[in-house]
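One file, run21.cif, is given below (mmCIF, C-alpha atoms).
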```cif
data_work
#
loop_
_atom_site.label_atom_id
_atom_site.label_comp_id
_atom_site.auth_asym_id
_atom_site.auth_seq_id
_atom_site.Cartn_x
_atom_site.Cartn_y
_atom_site.Cartn_z
CA MET A 5 18.89 24.12 21.06
CA ILE A 6 22.10 24.27 19.07
CA ALA A 7 24.79 21.85 20.13
CA HIS A 8 28.32 21.71 18.83
CA SER A 9 31.54 19.93 19.64
CA GLU A 10 35.14 19.73 18.56
CA GLY A 11 35.61 16.10 19.67
CA ALA A 12 36.94 13.76 16.97
CA SER A 13 34.86 10.67 17.75
CA ILE A 14 31.72 12.22 19.11
CA GLU A 15 28.25 11.60 17.67
CA LEU A 16 25.72 14.36 18.16
CA GLN A 17 22.04 13.57 17.74
CA ALA A 18 19.54 16.09 16.48
CA GLY A 19 16.15 15.68 18.16
CA LEU A 20 12.92 17.00 16.67
CA GLY A 21 13.41 20.60 15.59
CA GLU A 22 17.07 20.65 16.63
CA MET A 23 20.21 21.67 14.75
CA VAL A 24 23.62 20.19 15.57
CA HIS A 25 26.99 21.12 14.12
CA ALA A 26 30.62 20.18 14.58
CA GLY A 27 34.07 20.29 13.01
CA HIS A 28 34.68 16.57 13.60
CA GLY A 29 32.81 13.35 14.32
CA ARG A 30 29.32 12.38 13.24
CA LEU A 31 25.91 13.98 13.34
CA SER A 32 22.83 11.79 13.42
CA ILE A 33 19.06 11.51 13.51
CA HIS A 34 17.44 8.28 14.71
CA GLY A 35 13.97 7.57 13.36
CA LEU A 36 12.96 9.92 10.61
CA GLY A 37 9.44 9.77 9.18
CA SER A 38 7.79 12.82 7.67
CA CYS A 39 10.57 15.07 8.98
CA ILE A 40 13.55 16.14 6.91
CA ALA A 41 17.22 15.64 7.68
CA LEU A 42 18.98 18.53 5.95
CA SER A 43 22.77 18.50 5.97
CA PHE A 44 25.19 21.33 5.25
CA TRP A 45 28.86 20.52 4.78
CA CYS A 46 31.98 22.57 4.06
CA ARG A 47 35.29 21.01 3.04
CA GLU A 48 37.53 23.84 4.29
CA PRO A 49 37.17 24.58 7.11
CA ARG A 50 35.74 21.12 7.69
CA VAL A 51 32.31 21.63 9.26
CA GLY A 52 29.05 19.70 9.17
CA LEU A 53 25.62 20.84 10.27
CA LEU A 54 22.45 18.75 10.45
CA CYS A 55 18.89 20.05 10.82
CA HIS A 56 15.92 17.91 11.94
CA ILE A 57 13.06 19.81 10.29
CA VAL A 58 9.54 18.99 11.45
CA LEU A 59 7.19 21.32 9.58
CA PRO A 60 7.11 23.29 6.33
CA ALA A 61 6.46 26.80 7.59
CA SER A 62 6.46 28.80 10.78
CA ALA A 63 3.00 29.50 12.16
CA ALA A 64 1.57 32.04 14.52
CA GLY A 65 0.77 30.80 17.99
CA LEU A 66 3.51 28.17 18.18
CA HIS A 67 6.58 29.16 20.14
CA GLY A 68 9.00 27.68 17.61
CA GLY A 69 11.90 27.84 20.07
CA GLU A 70 13.70 25.02 18.27
CA PRO A 71 15.94 26.39 15.53
CA ALA A 72 15.09 23.73 12.95
CA ARG A 73 11.40 23.15 13.67
CA PHE A 74 10.27 24.96 10.51
CA ALA A 75 11.85 24.67 7.05
CA ASP A 76 11.49 28.37 6.27
CA LEU A 77 13.45 29.30 9.41
CA ALA A 78 15.86 26.37 9.54
CA VAL A 79 17.64 27.12 6.26
CA PRO A 80 18.51 30.77 6.98
CA GLY A 81 19.20 29.80 10.60
CA ALA A 82 21.72 27.15 9.54
CA LEU A 83 23.46 29.53 7.14
CA HIS A 84 23.63 32.15 9.88
CA VAL A 85 25.34 29.69 12.25
CA LEU A 86 27.83 28.59 9.60
CA ARG A 87 28.77 32.16 8.78
CA ARG A 88 28.80 33.55 12.33
CA GLN A 89 30.51 30.64 14.05
CA TYR A 90 32.79 29.30 11.32
CA GLY A 91 33.05 32.15 8.82
CA ILE A 92 31.58 29.97 6.05
CA PRO A 93 29.52 31.71 3.32
CA PRO A 94 26.62 29.86 1.59
CA SER A 95 28.66 29.52 -1.60
CA ARG A 96 31.04 27.06 0.12
CA VAL A 97 28.51 24.60 1.49
CA SER A 98 27.05 21.49 -0.11
CA VAL A 99 23.52 20.57 0.89
CA LYS A 100 21.85 17.14 1.01
CA MET A 101 18.53 15.97 2.33
CA THR A 102 16.50 12.91 3.16
CA GLY A 103 13.18 12.04 4.85
CA GLY A 104 9.77 13.39 3.94
CA ALA A 105 8.07 9.99 4.06
CA THR A 106 4.36 9.34 4.52
CA LEU A 107 3.98 6.42 6.92
CA PHE A 108 0.28 6.80 7.70
CA GLY A 109 -2.81 8.43 6.29
CA GLY A 110 -2.22 8.35 2.54
CA THR A 111 -1.06 11.27 0.49
CA VAL A 112 -3.55 13.90 1.65
CA GLY A 113 -4.75 15.14 5.00
CA ALA A 114 -3.14 16.04 8.30
CA LEU A 115 -0.56 13.24 8.25
CA ALA A 116 0.69 13.92 4.73
CA ILE A 117 3.34 16.38 5.85
CA GLY A 118 6.34 14.63 4.31
CA PRO A 119 5.94 15.82 0.70
CA ARG A 120 5.09 19.33 1.91
CA ASN A 121 8.27 19.34 3.97
CA VAL A 122 10.33 18.35 0.93
CA ASP A 123 8.79 21.16 -1.15
CA ALA A 124 9.26 23.69 1.64
CA VAL A 125 12.94 22.82 2.08
CA ASN A 126 13.55 23.11 -1.66
CA ASP A 127 11.77 26.48 -1.68
CA ALA A 128 13.77 27.72 1.31
CA LEU A 129 17.04 26.63 -0.32
CA ARG A 130 16.07 28.29 -3.61
CA ALA A 131 15.30 31.52 -1.74
CA VAL A 132 18.93 31.74 -0.63
CA GLY A 133 20.40 30.61 -3.96
CA LEU A 134 21.13 27.02 -2.97
CA ALA A 135 19.95 23.60 -4.13
CA SER A 136 20.20 20.12 -2.73
CA LEU A 137 23.18 18.27 -4.19
CA ALA A 138 21.65 14.86 -3.43
CA ALA A 139 18.40 13.66 -1.96
CA ASP A 140 16.54 10.51 -0.95
CA THR A 141 13.04 11.55 -0.01
CA GLY A 142 9.45 10.39 0.11
CA GLY A 143 7.98 6.91 0.07
CA ARG A 144 6.62 5.05 3.07
CA LEU A 145 9.99 4.26 4.66
CA GLY A 146 11.33 5.15 8.07
CA ARG A 147 14.94 6.28 7.93
CA SER A 148 17.90 6.89 10.21
CA VAL A 149 20.63 9.26 9.15
CA LEU A 150 24.29 9.84 9.87
CA LEU A 151 26.46 12.67 8.53
CA ASP A 152 30.19 11.92 8.53
CA VAL A 153 31.77 15.33 9.05
CA ALA A 154 35.16 14.11 7.75
CA THR A 155 33.78 13.25 4.30
CA GLY A 156 30.41 15.01 4.01
CA ASP A 157 28.78 11.64 3.26
CA LEU A 158 25.20 11.34 4.41
CA HIS A 159 24.48 7.69 5.26
CA VAL A 160 20.78 6.91 5.06
CA ARG A 161 19.61 3.63 6.62
CA ARG A 162 16.19 2.88 5.22
CA PHE A 163 13.99 0.38 7.03
CA GLY A 164 13.14 -2.47 4.70
CA ALA A 165 15.53 -1.29 1.99
CA GLU A 166 19.23 -0.89 1.36
CA VAL A 167 21.50 1.74 2.93
CA VAL A 168 22.28 4.62 0.60
CA VAL A 169 25.14 7.09 0.85
CA LEU A 170 24.41 10.56 -0.47
CA MET B 28 10.69 10.75 32.31
CA SER B 29 12.42 13.70 30.71
CA PRO B 30 13.18 16.68 32.93
CA GLY B 31 10.81 18.83 30.93
CA GLY B 32 7.76 16.65 31.46
CA MET B 33 5.23 17.94 33.92
CA ALA B 34 2.70 15.68 35.58
CA VAL B 35 -0.91 16.21 34.61
CA ALA B 36 -2.43 18.58 37.17
CA GLN B 37 -3.62 16.57 40.16
CA ALA B 38 -7.18 17.87 39.98
CA VAL B 39 -7.72 16.29 36.60
CA SER B 40 -5.14 13.53 36.59
CA SER B 41 -7.02 11.09 38.79
CA ARG B 42 -10.08 11.00 36.50
CA LEU B 43 -8.05 10.98 33.36
CA ALA B 44 -5.62 8.43 34.77
CA THR B 45 -8.54 6.21 35.77
CA ALA B 46 -9.94 6.38 32.25
CA ILE B 47 -6.54 5.50 30.80
CA ASP B 48 -6.02 2.67 33.30
CA ARG B 49 -9.35 1.18 32.30
CA ALA B 50 -8.63 1.59 28.60
CA LEU B 51 -5.29 -0.18 28.97
CA ALA B 52 -6.89 -2.94 31.04
CA ASP B 53 -9.49 -3.45 28.30
CA CYS B 54 -6.72 -3.47 25.72
CA GLY B 55 -4.80 -6.12 27.69
CA GLN B 56 -7.93 -8.24 28.05
CA ALA B 57 -8.65 -8.07 24.33
CA ILE B 58 -5.07 -9.04 23.53
CA GLY B 59 -5.28 -11.93 25.98
CA GLN B 60 -8.43 -13.24 24.33
CA PHE B 61 -6.85 -12.87 20.90
CA VAL B 62 -3.65 -14.76 21.70
CA GLY B 63 -5.08 -17.11 24.34
CA LEU B 64 -2.59 -16.16 27.07
CA ALA B 65 -2.88 -14.22 30.34
CA THR B 66 -2.13 -10.63 29.43
CA ALA B 67 -2.01 -7.38 31.37
CA MET B 68 -1.43 -3.80 30.29
CA ARG B 69 -0.79 -1.17 32.94
CA THR B 70 -0.12 2.55 32.93
CA ARG B 71 3.52 3.43 33.52
CA GLU B 72 3.16 7.17 33.25
CA VAL B 73 0.71 9.81 32.06
CA LEU B 74 1.94 13.32 31.60
CA LEU B 75 1.78 16.41 29.51
CA GLU B 76 4.91 17.04 27.50
CA ALA B 77 6.15 19.42 24.84
CA VAL B 78 5.32 17.76 21.51
CA LEU B 79 8.89 17.74 20.27
CA ARG B 80 10.17 16.12 23.47
CA VAL B 81 7.79 13.17 23.43
CA PRO B 82 10.31 10.75 21.78
CA ALA B 83 12.46 10.96 24.93
CA HIS B 84 9.80 8.88 26.72
CA TYR B 85 9.89 5.97 24.30
CA GLY B 86 13.40 4.53 24.51
CA ASP B 87 15.54 3.52 21.53
CA LEU B 88 14.16 5.27 18.46
CA ASP B 89 16.05 2.96 16.08
CA VAL B 90 14.18 -0.17 17.18
CA THR B 91 12.40 -1.78 14.26
CA GLY B 92 8.89 -3.12 14.59
CA ALA B 93 5.23 -2.91 13.69
CA ALA B 94 3.26 0.29 14.17
CA ALA B 95 -0.54 0.12 14.29
CA TYR B 96 -2.14 3.50 13.73
CA VAL B 97 -5.75 4.57 14.24
CA GLY B 98 -6.99 8.14 13.96
CA MET B 99 -9.55 9.41 16.45
CA THR B 100 -12.52 11.59 15.56
CA GLY B 101 -15.57 12.58 17.59
CA ASP B 102 -15.38 14.24 21.02
CA VAL B 103 -11.71 13.38 21.38
CA SER B 104 -9.93 13.78 18.09
CA GLY B 105 -6.31 12.99 17.40
CA HIS B 106 -4.10 9.96 16.93
CA CYS B 107 -3.48 6.62 18.61
CA LEU B 108 -0.40 4.48 17.93
CA LEU B 109 0.59 1.06 19.17
CA PHE B 110 4.20 0.13 18.47
CA MET B 111 5.62 -3.31 19.11
CA SER B 112 9.25 -4.17 18.55
CA GLU B 113 10.17 -6.80 15.99
CA THR B 114 11.06 -9.14 18.86
CA THR B 115 7.61 -8.68 20.36
CA ALA B 116 5.93 -9.12 16.99
CA LYS B 117 7.82 -12.38 16.41
CA ALA B 118 6.87 -13.59 19.89
CA LEU B 119 3.22 -12.96 19.06
CA VAL B 120 3.49 -14.82 15.79
CA ARG B 121 5.11 -17.77 17.59
CA VAL B 122 2.24 -17.86 20.08
CA ALA B 123 -0.26 -17.89 17.22
CA GLU B 124 1.67 -20.61 15.38
CA GLU B 125 1.22 -22.91 18.37
CA THR B 126 -2.48 -23.13 17.55
CA LEU B 127 -2.60 -22.22 13.86
CA GLY B 128 0.51 -23.96 12.60
CA PRO B 129 3.32 -22.30 10.59
CA LEU B 130 2.48 -18.86 9.15
CA ASP B 131 4.16 -17.45 6.06
CA GLU B 132 5.13 -13.77 5.91
CA THR B 133 1.80 -12.65 4.43
CA LEU B 134 -0.23 -14.48 7.05
CA ALA B 135 2.03 -13.24 9.84
CA ASP B 136 1.56 -9.65 8.62
CA SER B 137 -2.18 -10.20 8.46
CA LEU B 138 -2.15 -11.56 12.00
CA LEU B 139 -0.21 -8.55 13.30
CA HIS B 140 -2.53 -6.19 11.45
CA GLU B 141 -5.50 -7.84 13.13
CA PHE B 142 -3.72 -7.78 16.46
CA GLY B 143 -3.00 -4.05 16.14
CA ASN B 144 -6.58 -3.40 15.13
CA ILE B 145 -7.97 -5.32 18.12
CA ALA B 146 -5.55 -3.77 20.62
CA VAL B 147 -5.97 -0.16 19.51
CA SER B 148 -9.74 -0.49 19.08
CA ALA B 149 -10.10 -2.04 22.57
CA PHE B 150 -8.03 0.78 24.03
CA MET B 151 -10.08 3.47 22.33
CA ASN B 152 -13.40 1.85 23.23
CA GLY B 153 -12.25 1.57 26.85
CA LEU B 154 -11.16 5.20 26.87
CA ALA B 155 -14.46 6.35 25.38
CA SER B 156 -16.46 4.30 27.87
CA ALA B 157 -14.45 5.34 30.92
CA GLY B 158 -14.29 9.00 29.97
CA GLY B 159 -17.85 9.28 28.69
CA TRP B 160 -16.62 10.50 25.33
CA ARG B 161 -17.68 9.61 21.82
CA ILE B 162 -14.55 8.45 20.01
CA LEU B 163 -14.78 7.21 16.43
CA PRO B 164 -11.78 5.33 15.04
CA THR B 165 -10.54 5.62 11.47
CA PRO B 166 -9.67 2.40 9.63
CA PRO B 167 -6.46 0.96 11.13
CA GLU B 168 -3.12 1.03 9.32
CA LEU B 169 -0.07 -1.11 9.95
CA ALA B 170 3.45 -0.06 9.01
CA TRP B 171 6.77 -1.84 9.47
CA THR B 172 9.23 0.84 10.40
CA VAL B 173 11.50 2.16 13.15
CA ARG B 174 9.96 3.45 16.37
CA GLY B 175 11.29 6.98 15.94
CA ALA B 176 9.81 7.32 12.45
CA ALA B 177 6.36 6.18 13.58
CA LEU B 178 6.37 8.54 16.55
CA GLN B 179 7.79 11.41 14.59
CA SER B 180 5.25 11.16 11.77
CA LEU B 181 2.40 11.67 14.25
CA LEU B 182 4.20 14.28 16.31
CA GLY B 183 4.88 16.27 13.16
CA ALA B 184 1.15 16.38 12.45
CA MET B 185 0.51 17.41 16.05
CA ALA B 186 3.13 20.14 15.96
CA VAL B 187 1.19 21.95 13.24
CA GLU B 188 -1.31 23.17 15.79
CA THR B 189 -0.11 22.57 19.33
CA ASP B 190 2.97 22.54 21.52
CA LEU B 191 1.62 20.09 24.08
CA ALA B 192 0.94 16.36 23.96
CA LEU B 193 -0.49 13.81 26.35
CA VAL B 194 1.97 10.98 26.84
CA VAL B 195 0.64 7.60 27.92
CA ALA B 196 3.34 5.01 28.49
CA ALA B 197 2.24 1.45 29.23
CA GLU B 198 3.73 -1.81 30.45
CA TRP B 199 2.64 -4.99 28.78
CA VAL B 200 3.00 -8.43 30.30
CA LEU B 201 2.11 -11.41 28.11
CA GLY B 202 2.20 -14.87 29.64
CA GLY B 203 4.35 -13.59 32.52
CA ARG B 204 6.87 -11.93 30.23
CA ASP B 205 7.48 -8.18 29.84
CA LEU B 206 7.21 -7.16 26.20
CA ASP B 207 8.38 -4.09 24.34
CA CYS B 208 5.11 -2.57 23.22
CA GLY B 209 3.92 0.97 23.79
CA VAL B 210 0.72 2.90 23.29
CA LEU B 211 0.85 6.56 22.35
CA VAL B 212 -2.29 8.66 22.60
CA LEU B 213 -2.04 12.02 20.91
CA PRO B 214 -5.24 14.01 21.18
CA ASP B 215 -5.11 17.18 19.12
CA ALA B 216 -5.57 20.58 20.78
CA ARG B 217 -9.35 20.21 20.90
CA GLY B 218 -9.22 16.58 22.02
CA LEU B 219 -6.70 17.40 24.73
CA SER B 220 -8.93 20.17 26.01
CA VAL B 221 -11.86 17.75 26.22
CA MET B 222 -9.80 15.10 28.02
CA LEU B 223 -8.30 17.50 30.53
CA GLY B 224 -11.69 18.97 31.21
CA ALA B 225 -13.04 15.56 32.15
#
```

Can I see the file as structure tokens?
Amino acid sequence: MIAHSEGASIELQAGLGEMVHAGHGRLSIHGLGSCIALSFWCREPRVGLLCHIVLPASAAGLHGGEPARFADLAVPGALHVLRRQYGIPPSRVSVKMTGGATLFGGTVGALAIGPRNVDAVNDALRAVGLASLAADTGGRLGRSVLLDVATGDLHVRRFGAEVVVL
Amino acid sequence: MSPGGMAVAQAVSSRLATAIDRALADCGQAIGQFVGLATAMRTREVLLEAVLRVPAHYGDLDVTGAAAYVGMTGDVSGHCLLFMSETTAKALVRVAEETLGPLDETLADSLLHEFGNIAVSAFMNGLASAGGWRILPTPPELAWTVRGAALQSLLGAMAVETDLALVVAAEWVLGGRDLDCGVLVLPDARGLSVMLGA
């Protein structure tokens, strides 16, 4: 599901695998573990887009109806929305990301998706000629994220640690 | 319940629901023995839900607290998570302090780790016994985090191979007081098939 709004004070939340975008207000993700919050922001026209990426790569057999479920589809999908809906080319967006933690299960095995998500997002960005301008990824921290569309600041509230602004 | 959730098919839900009821009852009993207070855990809902929509069943995702995780292997493989809010965790520590005396942060963490271990293990043993399955737990892990991050880390692992999850939401009453503590059972595709075929 892609949600968008023109309201000045509205906060749109991106659930698992969702992408939200707006010309005003704030975009957020509450409770981020191994997933990635990937933000795209353009100064003029002022637009923010936030992806809640769950997995590194699309896989056969899963319906993948959510636009940001997979890193390899979320990045081109986000750029497509920015261009089609707002006329913004990739060269005018700044990209930031956070998340990719490993809360349980150590650094290998089924639960160690966080670092793979980080690598997959970087690969997907590189494939379209982009790179993350700022990042706060990894560790064993849960995070909550808020993108201020007015400024492009990505506020990352890290449980058990200080807030950082990317 | 989110609009997208569908109840487990009636033909299998009564057996599965009975197994889950018993597992939660065993969990409540074990908690009661551990803290020395009358305790009850009851099923609030059991349903099949799209993996990515599971968080909608667990309230405020920004609530901080303690997450006890145990992996399941054997006949029913997958994940089991018990999350208690910080308020609930502090209430438990206060109950323990009444008999043990003041606990510093390290001892309080150790107590909560043991509590999570006992609660999740009792639940899984009860589930295995009631369902007639062999379920082997992995060593327990405790993480202080936000509810959404704990849920999402397990759901991400689930989403690699399946679109469907079994949601078990529970109510927990400790010493006559409702507490914010939830159990999430996430059998993987194979485990879910075994449970639904019960």

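At a cut-off of 9 Å from (1.6, -11.6, 16.2), the residue set is Val62, Thr115, Ala116, Lys117, Ala118, Leu119, Val120, Arg121, Val122, Ala123, Ala135, Asp136, Ser137, Leu138, Leu139, His140, Glu141, Phe142 and Gly143 of chain B (counting all atoms listed in the file).
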
Generate the output file for the selected residues, C-alpha atoms, as a tab-separated table (two decimals), keeping the file's coordinate frame.
```tsv
chain	number	residue	atom	x	y	z
B	62	VAL	CA	-3.65	-14.76	21.70
B	115	THR	CA	7.61	-8.68	20.36
B	116	ALA	CA	5.93	-9.12	16.99
B	117	LYS	CA	7.82	-12.38	16.41
B	118	ALA	CA	6.87	-13.59	19.89
B	119	LEU	CA	3.22	-12.96	19.06
B	120	VAL	CA	3.49	-14.82	15.79
B	121	ARG	CA	5.11	-17.77	17.59
B	122	VAL	CA	2.24	-17.86	20.08
B	123	ALA	CA	-0.26	-17.89	17.22
B	135	ALA	CA	2.03	-13.24	9.84
B	136	ASP	CA	1.56	-9.65	8.62
B	137	SER	CA	-2.18	-10.20	8.46
B	138	LEU	CA	-2.15	-11.56	12.00
B	139	LEU	CA	-0.21	-8.55	13.30
B	140	HIS	CA	-2.53	-6.19	11.45
B	141	GLU	CA	-5.50	-7.84	13.13
B	142	PHE	CA	-3.72	-7.78	16.46
B	143	GLY	CA	-3.00	-4.05	16.14
```

Quiz item: With only C-alpha atoms as the atoms that count, which of B:Ala197, B:Leu88, B:Ala65, B:Ala44 lies nearest to A:Ile33?
Solution: B:Leu88

Quiz item: atom CA of B:Thr165 and atom CA of A:Ala165, how far apart in Å?
Solution: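 Spanning atom CA of A:Ala165 to atom CA of B:Thr165 is a straight-line distance of 28.6 Å.
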
Once the PyMOL selection byres ((chain B) within 6 of (chain A)) is applied to the coordinates I shared, what remains selected? I want it as a CSV table (one decimal) with C-alpha atoms, in the coordinates of the input.
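New file out20.csv:
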```csv
chain,number,residue,atom,x,y,z
B,79,LEU,CA,8.9,17.7,20.3
B,88,LEU,CA,14.2,5.3,18.5
B,89,ASP,CA,16.0,3.0,16.1
B,172,THR,CA,9.2,0.8,10.4
B,173,VAL,CA,11.5,2.2,13.2
B,175,GLY,CA,11.3,7.0,15.9
B,176,ALA,CA,9.8,7.3,12.4
B,179,GLN,CA,7.8,11.4,14.6
B,180,SER,CA,5.2,11.2,11.8
B,183,GLY,CA,4.9,16.3,13.2
B,184,ALA,CA,1.2,16.4,12.4
```

Practice problem: Enumerate, as a list in words, the residues matched when the PyMOL selection byres ((chain A and resi 154) around 10) is run on the file above. | Solution: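 So the PyMOL selection byres ((chain A and resi 154) around 10) ends up selecting Ala12, Gly27, His28, Gly29, Arg30, Trp45, Cys46, Arg47, Arg50, Val51, Gly52, Leu151, Asp152, Val153, Thr155, Gly156 and Asp157 of chain A.
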
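For the choices A:Gln89, A:Asn121, A:Gln17, A:Ser136, the atom-to-atom distance to A:Ser43 is smallest for A:Ser136 when using all atoms listed in the file.
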
Quiz item: atom CA of A:Ala78 and atom CA of B:Val212 are how many Å apart?
Solution: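 Atom-to-atom, atom CA of A:Ala78 to atom CA of B:Val212, that is 28.5 Å.
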
Exercise. Return the single residue from B:Leu64, B:Ala52, B:Leu193, B:Leu169 that is closest to B:Leu223, with distances computed using only C-alpha atoms.
Key: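 With only C-alpha atoms as the atom set, the closest residue is B:Leu193.
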
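Compared by their closest atoms to A:Tyr90, and using all atoms listed in the file, the residues A:Ala75, A:Leu54, A:Ile14, A:Ala26 rank with A:Ala26 nearest.
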
Quiz item: Near B:Val195, counting all atoms listed in the file, which residues have an atom at most 7 Å away, once you skip same-chain residues fewer than 6 positions from it, shown as a PyMOL selection string?
Solution: chain B and resi 72-74+210-212

Practice problem: Report as a PyMOL selection string the full result of the PyMOL selection byres ((chain B and resi 199) around 7) when it is applied to this structure. | Solution: chain B and resi 67-69+197-198+200-201+205-206+208

Exercise. Might you pull out every residue within 7 Å of B:Gly98, with all atoms listed in the file counted and same-chain residues fewer than 2 positions away left off, and present them as JSON, numbers by chain?
Key: {"B": [96, 100, 105, 106, 107, 164, 165]}

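Here atom CA of B:Thr91 and atom CA of B:Phe110 stand 9.4 Å from one another.
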
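Each of A:Met23, A:Val99, A:Ile40, A:Val122 was checked against A:Gly81 using all atoms listed in the file; the smallest atom-to-atom distance is that of A:Met23.
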
Quiz item: Which residues, written as an MDAnalysis selection string, have at least one atom at most 6 Å from A:Ala41, with only C-alpha atoms counted and residues fewer than 5 positions away on the same chain left out?
Solution: chainID A and resid 55:56 101:102
